[in-house]
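protein07.cif (mmCIF, C-alpha atoms)
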```cif
data_data
loop_
_atom_site.label_atom_id
_atom_site.label_comp_id
_atom_site.auth_asym_id
_atom_site.auth_seq_id
_atom_site.Cartn_x
_atom_site.Cartn_y
_atom_site.Cartn_z
CA MET A 284 0.00 0.00 0.00
CA ALA A 285 1.19 3.45 -0.89
CA LEU A 286 0.52 4.85 2.59
CA PHE A 287 3.02 2.47 4.17
CA LYS A 288 5.72 4.25 2.24
CA TYR A 289 5.31 7.17 4.65
CA SER A 290 6.04 5.08 7.71
CA ALA A 291 9.69 5.47 6.72
CA PRO A 292 11.12 8.61 8.35
CA SER A 293 12.97 9.48 5.13
CA ALA A 294 9.67 9.63 3.22
CA PHE A 295 7.65 11.23 6.01
CA TYR A 296 10.11 14.06 6.66
CA PRO A 297 9.48 15.95 3.37
CA LEU A 298 5.73 15.15 3.46
CA ALA A 299 5.41 16.62 6.97
CA GLY A 300 7.32 19.69 5.81
CA LYS A 301 4.82 20.22 3.01
CA LEU A 302 1.77 19.75 5.29
CA VAL A 303 2.81 22.04 8.17
CA PRO A 304 1.93 25.40 6.56
CA TRP A 305 -1.50 24.16 5.49
CA PHE A 306 -2.47 22.95 8.94
CA GLY A 307 -0.92 26.04 10.49
CA ALA A 308 -2.94 28.35 8.24
CA ALA A 309 -6.13 26.38 8.90
CA ALA A 310 -5.52 26.64 12.66
CA PHE A 311 -5.05 30.41 12.41
CA VAL A 312 -8.15 31.04 10.27
CA LEU A 313 -10.40 28.73 12.33
CA GLY A 314 -9.06 30.21 15.57
CA VAL A 315 -9.83 33.78 14.47
CA VAL A 316 -13.33 32.83 13.22
CA GLY A 317 -14.08 30.74 16.31
CA LEU A 318 -12.96 33.42 18.74
CA TYR A 319 -14.91 36.10 16.84
CA ILE A 320 -18.14 34.08 16.95
CA GLY A 321 -17.51 33.05 20.52
CA LEU A 322 -16.65 36.49 21.90
CA PHE A 323 -18.77 38.81 19.75
CA VAL A 324 -21.60 36.90 18.04
CA ALA A 325 -22.68 34.31 20.62
CA PRO A 326 -25.22 35.59 23.17
CA GLU A 327 -24.61 35.69 26.90
CA ASP A 328 -25.73 32.73 28.99
CA PHE A 329 -28.95 32.76 31.01
CA GLN A 330 -27.37 31.74 34.29
CA GLN A 331 -23.66 32.55 34.00
CA GLY A 332 -23.77 35.77 31.98
CA GLU A 333 -20.53 36.59 30.17
CA VAL A 334 -18.21 34.39 32.18
CA TYR A 335 -19.33 31.25 30.35
CA ARG A 336 -17.33 32.38 27.29
CA ILE A 337 -14.27 30.69 28.75
CA ILE A 338 -15.96 27.52 27.48
CA PHE A 339 -14.65 28.32 23.98
CA ILE A 340 -11.11 27.71 25.22
CA HIS A 341 -11.78 25.33 28.09
CA VAL A 342 -13.75 22.59 26.33
CA PRO A 343 -11.62 22.38 23.13
CA THR A 344 -8.40 22.21 25.17
CA ALA A 345 -9.86 19.55 27.48
CA TRP A 346 -11.04 17.47 24.51
CA MET A 347 -7.65 17.84 22.87
CA GLY A 348 -5.80 16.79 26.02
CA MET A 349 -7.81 13.57 26.18
CA PHE A 350 -7.78 12.89 22.43
CA ILE A 351 -4.03 13.40 21.96
CA TYR A 352 -3.44 10.87 24.72
CA LEU A 353 -5.57 8.30 22.87
CA VAL A 354 -3.69 9.02 19.64
CA MET A 355 -0.42 8.49 21.52
CA ALA A 356 -1.75 5.18 22.86
CA MET A 357 -2.62 4.12 19.33
CA TYR A 358 0.91 4.98 18.19
CA GLY A 359 2.16 3.09 21.22
CA VAL A 360 0.37 -0.07 20.08
CA LEU A 361 1.81 0.37 16.59
CA ALA A 362 5.28 0.96 18.05
CA LEU A 363 5.11 -2.22 20.15
CA ILE A 364 3.69 -4.51 17.47
CA TYR A 365 5.17 -3.22 14.22
CA GLN A 366 8.22 -1.60 15.84
CA THR A 367 8.06 1.26 13.39
CA ARG A 368 10.47 4.00 14.38
CA LEU A 369 8.09 6.72 13.23
CA SER A 370 5.31 5.66 15.64
CA ALA A 371 7.56 6.21 18.65
CA MET A 372 8.70 9.51 17.20
CA MET A 373 5.09 10.65 16.75
CA MET A 374 4.41 9.81 20.39
CA GLU A 375 7.32 11.94 21.45
CA ALA A 376 6.17 14.75 19.15
CA LEU A 377 2.59 14.73 20.45
CA ALA A 378 3.30 14.56 24.19
CA PRO A 379 4.24 18.22 24.85
CA THR A 380 1.18 19.47 22.93
CA GLY A 381 -1.11 17.14 24.88
CA ALA A 382 0.46 18.23 28.15
CA ILE A 383 0.03 21.92 27.28
CA PHE A 384 -3.63 21.43 26.33
CA THR A 385 -4.33 19.52 29.54
CA ALA A 386 -2.62 22.21 31.61
CA LEU A 387 -4.64 24.87 29.77
CA ALA A 388 -7.86 22.97 30.45
CA LEU A 389 -7.04 22.81 34.18
CA TRP A 390 -6.01 26.46 34.28
CA THR A 391 -9.02 27.83 32.39
CA GLY A 392 -11.23 25.53 34.46
CA ALA A 393 -9.85 27.06 37.66
CA LEU A 394 -10.44 30.57 36.33
CA TRP A 395 -13.98 29.56 35.41
CA GLY A 396 -14.68 27.75 38.65
CA LYS A 397 -13.94 30.71 40.92
CA PRO A 398 -16.69 33.04 39.64
CA THR A 399 -19.29 30.31 39.07
CA TRP A 400 -18.82 27.55 41.66
CA GLY A 401 -17.00 29.73 44.16
CA THR A 402 -13.68 27.83 44.16
CA TYR A 403 -10.63 27.41 41.93
CA TRP A 404 -10.26 23.74 42.67
CA ALA A 405 -12.18 20.84 44.15
CA TRP A 406 -11.05 17.24 44.43
CA ASP A 407 -13.97 15.85 42.49
CA ALA A 408 -13.65 12.96 40.04
CA ARG A 409 -13.49 15.04 36.86
CA MET A 410 -10.80 17.42 38.08
CA THR A 411 -8.71 14.80 39.85
CA SER A 412 -8.65 12.46 36.85
CA THR A 413 -7.70 15.37 34.56
CA LEU A 414 -4.83 16.24 36.88
CA ILE A 415 -3.72 12.59 36.66
CA LEU A 416 -3.76 12.95 32.86
CA LEU A 417 -1.36 15.88 33.12
CA PHE A 418 0.92 13.81 35.39
CA LEU A 419 0.81 10.95 32.86
CA TYR A 420 1.96 13.29 30.10
CA ILE A 421 4.76 14.67 32.25
CA GLY A 422 5.66 11.14 33.38
CA TYR A 423 5.90 9.95 29.78
CA ILE A 424 8.13 12.87 28.78
CA ALA A 425 10.37 12.32 31.80
CA LEU A 426 10.57 8.55 31.26
CA VAL A 427 11.49 8.78 27.58
CA ASN A 428 14.17 11.35 28.30
CA ALA A 429 15.56 9.47 31.29
CA ILE A 430 16.43 6.29 29.38
CA GLU A 431 19.60 6.63 27.33
CA ASP A 432 18.93 3.78 24.89
CA LYS A 433 16.27 5.12 22.50
CA LYS A 434 14.85 1.69 21.67
CA ARG A 435 14.24 0.88 25.33
CA ALA A 436 12.97 4.39 25.98
CA ASP A 437 10.38 4.02 23.21
CA LYS A 438 9.20 0.67 24.55
CA ALA A 439 8.88 1.92 28.13
CA GLY A 440 7.12 5.07 26.98
CA ALA A 441 4.66 3.16 24.81
CA LEU A 442 3.85 0.84 27.69
CA LEU A 443 3.26 3.75 30.07
CA VAL A 444 0.97 5.53 27.62
CA ILE A 445 -1.06 2.38 26.88
CA VAL A 446 -1.51 1.59 30.57
CA GLY A 447 -2.38 5.22 31.31
CA SER A 448 -5.01 5.36 28.58
CA VAL A 449 -7.56 3.75 30.94
CA ASN A 450 -7.70 7.19 32.57
CA VAL A 451 -9.26 8.83 29.50
CA PRO A 452 -12.66 7.09 29.66
CA ILE A 453 -12.62 7.71 33.42
CA ILE A 454 -12.25 11.45 32.79
CA TYR A 455 -14.94 11.41 30.15
CA PHE A 456 -17.55 9.46 32.12
CA SER A 457 -16.61 10.74 35.59
CA VAL A 458 -19.47 13.25 35.62
CA LYS A 459 -21.86 10.38 34.91
CA TRP A 460 -20.43 7.78 37.28
CA TRP A 461 -19.87 9.97 40.32
CA ASN A 462 -21.47 12.91 42.03
CA THR A 463 -19.15 15.69 40.95
CA LEU A 464 -19.02 19.45 41.30
CA HIS A 465 -18.36 19.62 37.57
CA GLN A 466 -21.57 19.60 35.53
CA GLY A 467 -22.44 16.87 33.06
CA ALA A 468 -21.69 16.84 29.34
CA SER A 469 -23.43 19.58 27.36
CA ILE A 470 -23.11 17.66 24.13
CA SER A 471 -22.98 13.89 23.84
CA VAL A 472 -24.11 11.16 21.50
CA SER A 473 -26.78 9.89 23.89
CA GLY A 474 -27.84 13.14 25.55
CA GLY A 475 -27.95 15.39 22.49
CA ASN A 476 -27.10 19.07 22.60
CA LYS A 477 -27.83 21.37 25.52
CA MET A 478 -26.29 24.52 24.10
CA ALA A 479 -27.70 27.29 21.93
CA MET A 480 -26.66 26.81 18.30
CA THR A 481 -24.32 29.84 18.02
CA MET A 482 -22.51 28.82 21.20
CA LEU A 483 -22.13 25.26 19.94
CA LEU A 484 -20.88 26.47 16.56
CA ALA A 485 -18.18 28.65 18.15
CA MET A 486 -17.09 25.79 20.40
CA LEU A 487 -16.85 23.28 17.54
CA ILE A 488 -14.89 25.72 15.35
CA MET A 489 -12.49 26.32 18.22
CA ALA A 490 -12.16 22.55 18.69
CA LEU A 491 -11.32 22.21 14.99
CA ALA A 492 -8.76 25.02 15.32
CA CYS A 493 -7.12 23.12 18.18
CA TRP A 494 -6.98 20.00 16.01
CA MET A 495 -5.28 21.86 13.19
CA TYR A 496 -2.84 23.51 15.59
CA SER A 497 -1.99 20.18 17.20
CA ILE A 498 -1.33 18.52 13.84
CA ALA A 499 0.82 21.41 12.62
CA VAL A 500 2.89 21.55 15.81
CA ALA A 501 3.26 17.77 16.06
CA LEU A 502 4.46 17.57 12.45
CA CYS A 503 6.94 20.38 13.08
CA ARG A 504 8.24 18.64 16.16
CA VAL A 505 8.44 15.21 14.56
CA ARG A 506 10.62 16.67 11.80
CA ALA A 507 13.10 17.84 14.40
CA ILE A 508 12.96 14.45 16.14
CA ILE A 509 13.53 12.62 12.83
CA LEU A 510 16.60 14.73 12.08
CA GLU A 511 17.98 14.19 15.56
CA ARG A 512 17.47 10.45 15.64
CA GLU A 513 18.46 9.74 12.05
CA ARG A 514 21.40 12.13 11.97
CA HIS A 515 23.86 9.32 11.23
CA THR A 516 22.04 8.15 8.11
CA GLN A 517 22.97 8.93 4.55
CA TRP A 518 19.61 10.50 3.62
CA VAL A 519 19.74 13.06 6.41
CA ARG A 520 23.22 14.13 5.35
CA GLU A 521 21.93 14.71 1.84
CA ILE A 522 19.03 17.00 2.85
CA LYS A 523 19.41 20.54 1.56
CA GLU A 524 18.77 22.31 4.87
CA VAL A 525 21.14 20.01 6.77
CA ARG A 526 24.06 20.37 4.41
CA MET B 275 3.95 -17.86 14.84
CA THR B 276 5.89 -14.93 13.49
CA PRO B 277 7.53 -12.54 15.95
CA ARG B 278 5.07 -9.84 14.92
CA ALA B 279 2.07 -12.08 15.59
CA ARG B 280 3.55 -12.97 18.97
CA ARG B 281 4.02 -9.33 19.86
CA PHE B 282 0.45 -8.66 18.73
CA MET B 283 -0.77 -11.45 21.00
CA TRP B 284 1.11 -10.09 24.02
CA VAL B 285 -0.16 -6.56 23.46
CA ALA B 286 -3.73 -7.82 23.03
CA ILE B 287 -3.54 -9.92 26.21
CA GLY B 288 -2.02 -6.98 28.07
CA ILE B 289 -4.75 -4.59 26.99
CA ALA B 290 -7.46 -7.13 27.87
CA ILE B 291 -6.07 -7.63 31.40
CA LEU B 292 -5.65 -3.89 31.81
CA ALA B 293 -9.23 -3.19 30.71
CA THR B 294 -10.58 -5.80 33.13
CA ALA B 295 -8.55 -4.42 36.01
CA ALA B 296 -9.61 -0.86 35.24
CA THR B 297 -13.27 -1.87 35.06
CA LEU B 298 -13.08 -3.58 38.45
CA VAL B 299 -11.33 -0.61 40.04
CA VAL B 300 -13.84 1.85 38.61
CA GLN B 301 -16.74 -0.35 39.74
CA SER B 302 -15.52 -0.41 43.32
CA LEU B 303 -14.70 3.30 43.29
CA ARG B 304 -18.17 4.05 42.02
CA GLN B 305 -19.60 2.42 45.10
CA ASN B 306 -17.22 3.90 47.66
CA GLN B 307 -16.00 7.22 46.39
CA VAL B 308 -18.30 10.18 46.66
CA PHE B 309 -17.61 13.86 46.34
CA PHE B 310 -20.85 14.69 48.12
CA TYR B 311 -23.72 12.93 49.85
CA THR B 312 -27.32 13.53 48.85
CA PRO B 313 -29.97 14.40 51.49
CA THR B 314 -31.43 10.90 51.13
CA GLU B 315 -28.06 9.33 51.94
CA VAL B 316 -27.66 11.66 54.92
CA SER B 317 -31.08 10.74 56.29
CA GLN B 318 -30.17 7.06 55.87
CA ASN B 319 -27.09 7.71 58.05
CA LYS B 320 -24.71 6.93 55.20
CA ALA B 321 -22.84 10.20 55.75
CA PRO B 322 -20.29 10.47 58.56
CA ARG B 323 -21.68 11.91 61.79
CA GLU B 324 -18.42 12.77 63.50
CA ARG B 325 -16.47 14.53 60.77
CA THR B 326 -17.01 16.97 57.95
CA PHE B 327 -18.48 15.87 54.65
CA ARG B 328 -20.06 17.47 51.62
CA LEU B 329 -23.78 17.70 51.13
CA GLY B 330 -25.11 18.17 47.61
CA GLY B 331 -28.50 18.79 46.13
CA LEU B 332 -30.87 21.56 45.15
CA VAL B 333 -31.58 24.67 47.17
CA THR B 334 -35.27 24.32 48.02
CA VAL B 335 -37.29 27.05 46.35
CA GLY B 336 -38.45 29.59 48.91
CA SER B 337 -36.19 28.31 51.70
CA VAL B 338 -33.38 30.90 51.63
CA ALA B 339 -33.53 33.27 54.60
CA ARG B 340 -30.94 35.75 55.88
CA LYS B 341 -30.19 36.69 59.44
CA PRO B 342 -30.06 40.41 60.36
CA ASP B 343 -26.24 40.38 60.29
CA GLY B 344 -26.53 40.03 56.51
CA LEU B 345 -23.89 37.32 56.32
CA THR B 346 -25.56 34.31 57.91
CA VAL B 347 -27.95 32.52 55.65
CA ALA B 348 -30.21 29.54 56.21
CA PHE B 349 -31.68 27.35 53.53
CA THR B 350 -32.61 23.73 52.94
CA VAL B 351 -31.04 21.31 50.50
CA THR B 352 -33.27 18.76 48.85
CA ASP B 353 -32.99 15.88 46.42
CA THR B 354 -36.79 15.94 45.97
CA ALA B 355 -37.09 12.98 48.36
CA GLN B 356 -35.41 14.24 51.55
CA THR B 357 -34.56 17.73 52.81
CA ILE B 358 -31.71 18.83 55.11
CA PRO B 359 -31.58 22.30 56.76
CA VAL B 360 -28.30 24.17 56.32
CA THR B 361 -26.83 27.29 57.89
CA TYR B 362 -23.81 29.16 56.55
CA THR B 363 -21.98 32.37 57.41
CA GLY B 364 -20.02 33.88 54.58
CA ILE B 365 -20.15 35.03 51.00
CA LEU B 366 -22.21 32.88 48.67
CA PRO B 367 -21.07 32.23 45.08
CA ASP B 368 -22.81 34.25 42.36
CA LEU B 369 -24.64 31.24 41.01
CA PHE B 370 -26.13 30.25 44.35
CA LYS B 371 -29.85 30.36 43.66
CA GLU B 372 -33.07 28.77 44.82
CA GLY B 373 -33.93 25.73 42.74
CA LYS B 374 -30.31 25.35 41.60
CA GLY B 375 -27.56 22.96 42.58
CA VAL B 376 -25.34 23.45 45.60
CA VAL B 377 -22.50 21.57 47.29
CA ALA B 378 -21.88 22.50 50.92
CA GLN B 379 -19.01 21.30 53.11
CA GLY B 380 -19.47 21.08 56.85
CA ARG B 381 -20.77 18.80 59.56
CA ILE B 382 -24.19 17.87 60.77
CA GLY B 383 -25.19 18.69 64.34
CA SER B 384 -27.19 16.56 66.74
CA ASP B 385 -30.13 18.84 65.94
CA GLY B 386 -30.01 17.66 62.34
CA VAL B 387 -28.87 21.05 61.04
CA PHE B 388 -25.93 20.99 58.63
CA ARG B 389 -23.45 23.75 59.51
CA ALA B 390 -21.55 24.59 56.37
CA SER B 391 -18.05 26.06 56.34
CA GLU B 392 -18.01 26.34 52.54
CA VAL B 393 -20.81 26.61 50.00
CA LEU B 394 -20.19 26.00 46.30
CA ALA B 395 -22.69 26.43 43.49
CA LYS B 396 -23.15 23.59 41.07
CA HIS B 397 -24.57 24.81 37.79
CA ASP B 398 -26.05 22.54 35.16
CA GLU B 399 -24.90 21.78 31.64
CA ASN B 400 -27.39 24.01 29.78
CA TYR B 401 -26.15 27.05 27.90
CA MET B 402 -28.60 29.42 26.22
CA PRO B 403 -29.33 33.14 25.89
CA PRO B 404 -31.56 34.66 28.64
CA GLU B 405 -34.37 35.27 26.15
CA ALA B 406 -34.48 31.56 25.28
CA ALA B 407 -34.58 30.62 28.95
CA GLU B 408 -37.35 33.18 29.50
CA ALA B 409 -39.35 31.79 26.55
CA LEU B 410 -38.95 28.23 27.83
CA LYS B 411 -40.19 29.30 31.24
CA ARG B 412 -43.20 31.13 29.83
CA ALA B 413 -44.07 28.09 27.74
CA GLY B 414 -44.11 26.05 30.93
CA HIS B 415 -41.05 23.97 30.08
CA PRO B 416 -38.64 24.07 32.99
CA ILE B 417 -34.99 23.77 32.01
CA GLU B 418 -33.83 20.35 33.03
CA GLY B 419 -30.39 19.95 34.42
CA LYS B 420 -28.83 17.14 36.37
CA VAL B 421 -27.25 18.06 39.67
CA PHE B 422 -26.54 14.64 41.09
CA ALA B 423 -26.37 11.14 39.64
CA GLY B 424 -29.68 9.38 39.30
CA GLN B 425 -31.62 12.56 39.83
CA LYS B 426 -35.16 12.73 38.51
CA PRO B 427 -35.22 15.60 36.07
CA VAL B 428 -37.69 17.83 37.88
CA VAL B 429 -35.71 20.87 38.82
CA THR B 430 -36.83 24.40 38.23
CA GLN B 431 -40.42 23.99 39.34
CA ALA B 432 -41.41 24.81 42.88
CA PRO B 433 -42.43 21.78 44.94
CA THR B 434 -46.19 21.35 45.06
CA GLY B 435 -47.99 22.74 48.08
CA GLN B 436 -45.74 25.77 48.32
CA SER B 437 -46.82 29.22 47.29
CA ALA B 438 -43.27 30.47 47.03
CA PRO B 439 -42.62 32.82 44.13
CA ALA B 440 -40.66 31.29 41.28
CA PRO B 441 -36.98 32.25 41.41
CA VAL B 442 -35.83 34.91 39.01
CA ASP B 443 -34.08 33.03 36.25
CA SER B 444 -32.11 35.84 34.67
CA SER B 445 -28.42 36.13 35.32
CA GLY B 446 -27.30 37.80 38.50
CA TYR B 447 -27.91 36.90 42.08
CA LYS B 448 -31.30 37.63 43.52
CA PRO B 449 -31.00 38.21 47.23
CA ALA B 450 -33.67 36.55 49.30
CA ASP B 451 -36.28 39.06 50.29
CA LYS B 452 -37.93 36.79 52.80
CA PRO B 453 -38.10 37.84 56.42
CA ALA B 454 -35.02 36.87 58.36
CA TYR B 455 -35.37 33.66 60.32
CA GLY B 456 -34.88 33.01 64.00
CA LYS B 457 -35.19 36.53 65.36
#
```
Since I need it in another form, could you write the structure as structure tokens?
Amino acid sequence: MALFKYSAPSAFYPLAGKLVPWFGAAAFVLGVVGLYIGLFVAPEDFQQGEVYRIIFIHVPTAWMGMFIYLVMAMYGVLALIYQTRLSAMMMEALAPTGAIFTALALWTGALWGKPTWGTYWAWDARMTSTLILLFLYIGYIALVNAIEDKKRADKAGALLVIVGSVNVPIIYFSVKWWNTLHQGASISVSGGNKMAMTMLLAMLIMALACWMYSIAVALCRVRAIILERERHTQWVREIKEVR
Amino acid sequence: MTPRARRFMWVAIGIAILATAATLVVQSLRQNQVFFYTPTEVSQNKAPRERTFRLGGLVTVGSVARKPDGLTVAFTVTDTAQTIPVTYTGILPDLFKEGKGVVAQGRIGSDGVFRASEVLAKHDENYMPPEAAEALKRAGHPIEGKVFAGQKPVVTQAPTGQSAPAPVDSSGYKPADKPAYGK
């Protein structure tokens, strides 16, 4: 299959280089449109007033934090079974972005919680499991960098991410399984939509912008990782920008 | 068996064991781990008597009363089955409102009154402009929001048998204008 060609770092490196500007531009445009609709077009909320607008950052970043972890787990399975070098490199490239999004979700959540709930932080199931997600990201980054031998580092990292992925459904369903301070899901497959259309639109556009940003940044980062790890190979030495 | 198939088998077995373990842990945590107790659980003596715990539910419509000092407030928390009286001295969060969710931390006295040291508002998952909420209310459709797990979705309506005025549903806190209790 033609797609398998790109599992070779030498083939993926130029492809990623070509894709980065497109995803970057899409992230910028969607981000501007989403923020404009969210901050200027969407109406205020009936119980929270203006403060609810933090949702346009908070929910997309929280989704992204969870989703990137699942993508890393998928790459981890590929890395363990097929032992493709690129899968492990993608994991390493995605981890900082996932960690930043999770930290942003916790931070914006704290800023939102103070004016609405009356507290920055509560040890309820949703918040605690999200904090664990952040620790898993940091733990993965630390583990991979602590082991000198890259092959062993990749294996250990993949294992950690796969084991840690059980936390993601716990975060997602925590508001259903436990009594939490955090409210339930506003949009879900089973429960439908509990947001006004303009608000939902702004949130989904912002989520898309976060996707595009994540892809662009991960591709950028994986290019650097490829160069670093493959620096002893012939093809890297022949690249224009390296010579 | 090729090495790749063997690796696949090990990963699959590992994930299966992991999923089973996680399910068991979550199941037991679901039974034992609570962020707050509902009034029904408190009345069944499931909440600790000797130490602080959190009480969660809805602020009963028409129950909020302020003492003359302006800081102490009394209200009752209900889960539509049981009701617990609560007193609290301090600043309430903006979203604290009759008929809406609340999580209070404190301990229950021998008189059955819950003395809260901290009161947090728990809002629901609905987001809409005030006009839409107003229209829904006029049409007689209360906005349904879940405050605690397993809650029956009857929220914004006043309990039957009470002539309390419906809470103002627009944004902004509406201070209770009821006569102060316990003079």
Can you check which residues of chain B have any atom within 7 Å of chain A? Use all atoms listed in the file and format it as a PyMOL selection string. chain B and resi 278+281-282+292+296+304+308-310+367-369+394-404+407+422-423+444-445
Between A:Ala425, A:Met410, A:Leu387, A:Val342, which residue has the minimum interatomic distance to Gly440 of chain A, considering all atoms listed in the file?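 Answer, going by the shortest atom-to-atom distance: A:Ala425.
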For the structure shown, which residues end up in the PyMOL selection byres ((chain B and resi 386) around 10)? Put them as number ranges by chain, please? B: 316-317, 358-360, 381-385, 387-389
What does the structure give for the distance between atom CA of Gly314 of chain A and atom CA of Pro379 of chain A, in Å to one decimal? 20.2 Å
Target residues per the PyMOL selection byres ((chain B and resi 353) around 8), formatted as an MDAnalysis selection string: chainID B and resid 312:314 331:332 351:352 354:357 425
Separating atom CA of Leu303 of chain B from atom CA of Val376 of chain B, to the nearest tenth of an Å, is a gap of 22.9 Å
Hey, can you pull every residue with an atom no more than 12 Å from (12.4, 8.4, 26.9), using all atoms listed in the file, and send it as a compact mmCIF listing (two decimals) with C-alpha atoms, in the frame of the given file?
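Now in selection_30.txt:
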```txt
# COMPACT_ATOMS: atom_id res chain seq x y z
CA ALA A 371 7.56 6.21 18.65
CA MET A 372 8.70 9.51 17.20
CA MET A 374 4.41 9.81 20.39
CA GLU A 375 7.32 11.94 21.45
CA ALA A 376 6.17 14.75 19.15
CA ALA A 378 3.30 14.56 24.19
CA TYR A 420 1.96 13.29 30.10
CA ILE A 421 4.76 14.67 32.25
CA GLY A 422 5.66 11.14 33.38
CA TYR A 423 5.90 9.95 29.78
CA ILE A 424 8.13 12.87 28.78
CA ALA A 425 10.37 12.32 31.80
CA LEU A 426 10.57 8.55 31.26
CA VAL A 427 11.49 8.78 27.58
CA ASN A 428 14.17 11.35 28.30
CA ALA A 429 15.56 9.47 31.29
CA ILE A 430 16.43 6.29 29.38
CA GLU A 431 19.60 6.63 27.33
CA ASP A 432 18.93 3.78 24.89
CA LYS A 433 16.27 5.12 22.50
CA LYS A 434 14.85 1.69 21.67
CA ARG A 435 14.24 0.88 25.33
CA ALA A 436 12.97 4.39 25.98
CA ASP A 437 10.38 4.02 23.21
CA LYS A 438 9.20 0.67 24.55
CA ALA A 439 8.88 1.92 28.13
CA GLY A 440 7.12 5.07 26.98
CA ALA A 441 4.66 3.16 24.81
CA LEU A 442 3.85 0.84 27.69
CA LEU A 443 3.26 3.75 30.07
CA VAL A 444 0.97 5.53 27.62
```
So that I can see what lies close to Trp390 of chain A, please list as a PyMOL selection string the residues with an atom at most 12 Å from it, counting all atoms listed in the file and leaving out residues fewer than 6 positions away in the same chain. chain A and resi 337+340-342+344-345+383-384+396-397+403-404+410+413-414+417
Take the residues just selected and output them with C-alpha atoms as a compact mmCIF listing (two decimals), in the coordinates of the input.
```txt
# COMPACT_ATOMS: atom_id res chain seq x y z
CA ILE A 337 -14.27 30.69 28.75
CA ILE A 340 -11.11 27.71 25.22
CA HIS A 341 -11.78 25.33 28.09
CA VAL A 342 -13.75 22.59 26.33
CA THR A 344 -8.40 22.21 25.17
CA ALA A 345 -9.86 19.55 27.48
CA ILE A 383 0.03 21.92 27.28
CA PHE A 384 -3.63 21.43 26.33
CA GLY A 396 -14.68 27.75 38.65
CA LYS A 397 -13.94 30.71 40.92
CA TYR A 403 -10.63 27.41 41.93
CA TRP A 404 -10.26 23.74 42.67
CA MET A 410 -10.80 17.42 38.08
CA THR A 413 -7.70 15.37 34.56
CA LEU A 414 -4.83 16.24 36.88
CA LEU A 417 -1.36 15.88 33.12
```
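Distances to Ala490 of chain A were evaluated for A:Ser293, A:Val316, A:Phe339, A:Lys288 using all atoms listed in the file, and the minimum falls at A:Phe339.
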Using atom CA of Val393 of chain B and atom CA of Leu366 of chain B as the two end points, give the distance in Å to one decimal.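 Straight-line distance from atom CA of Val393 of chain B to atom CA of Leu366 of chain B works out to 6.6 Å.
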Give as a list in words the residues that the PyMOL selection byres ((chain A and resi 491-499) around 6) matches when applied to the coordinates above. Val303, Phe306, Gly307, Ala310, Leu313, Gly314, Ile488, Met489, Ala490, Val500, Ala501 and Leu502 of chain A
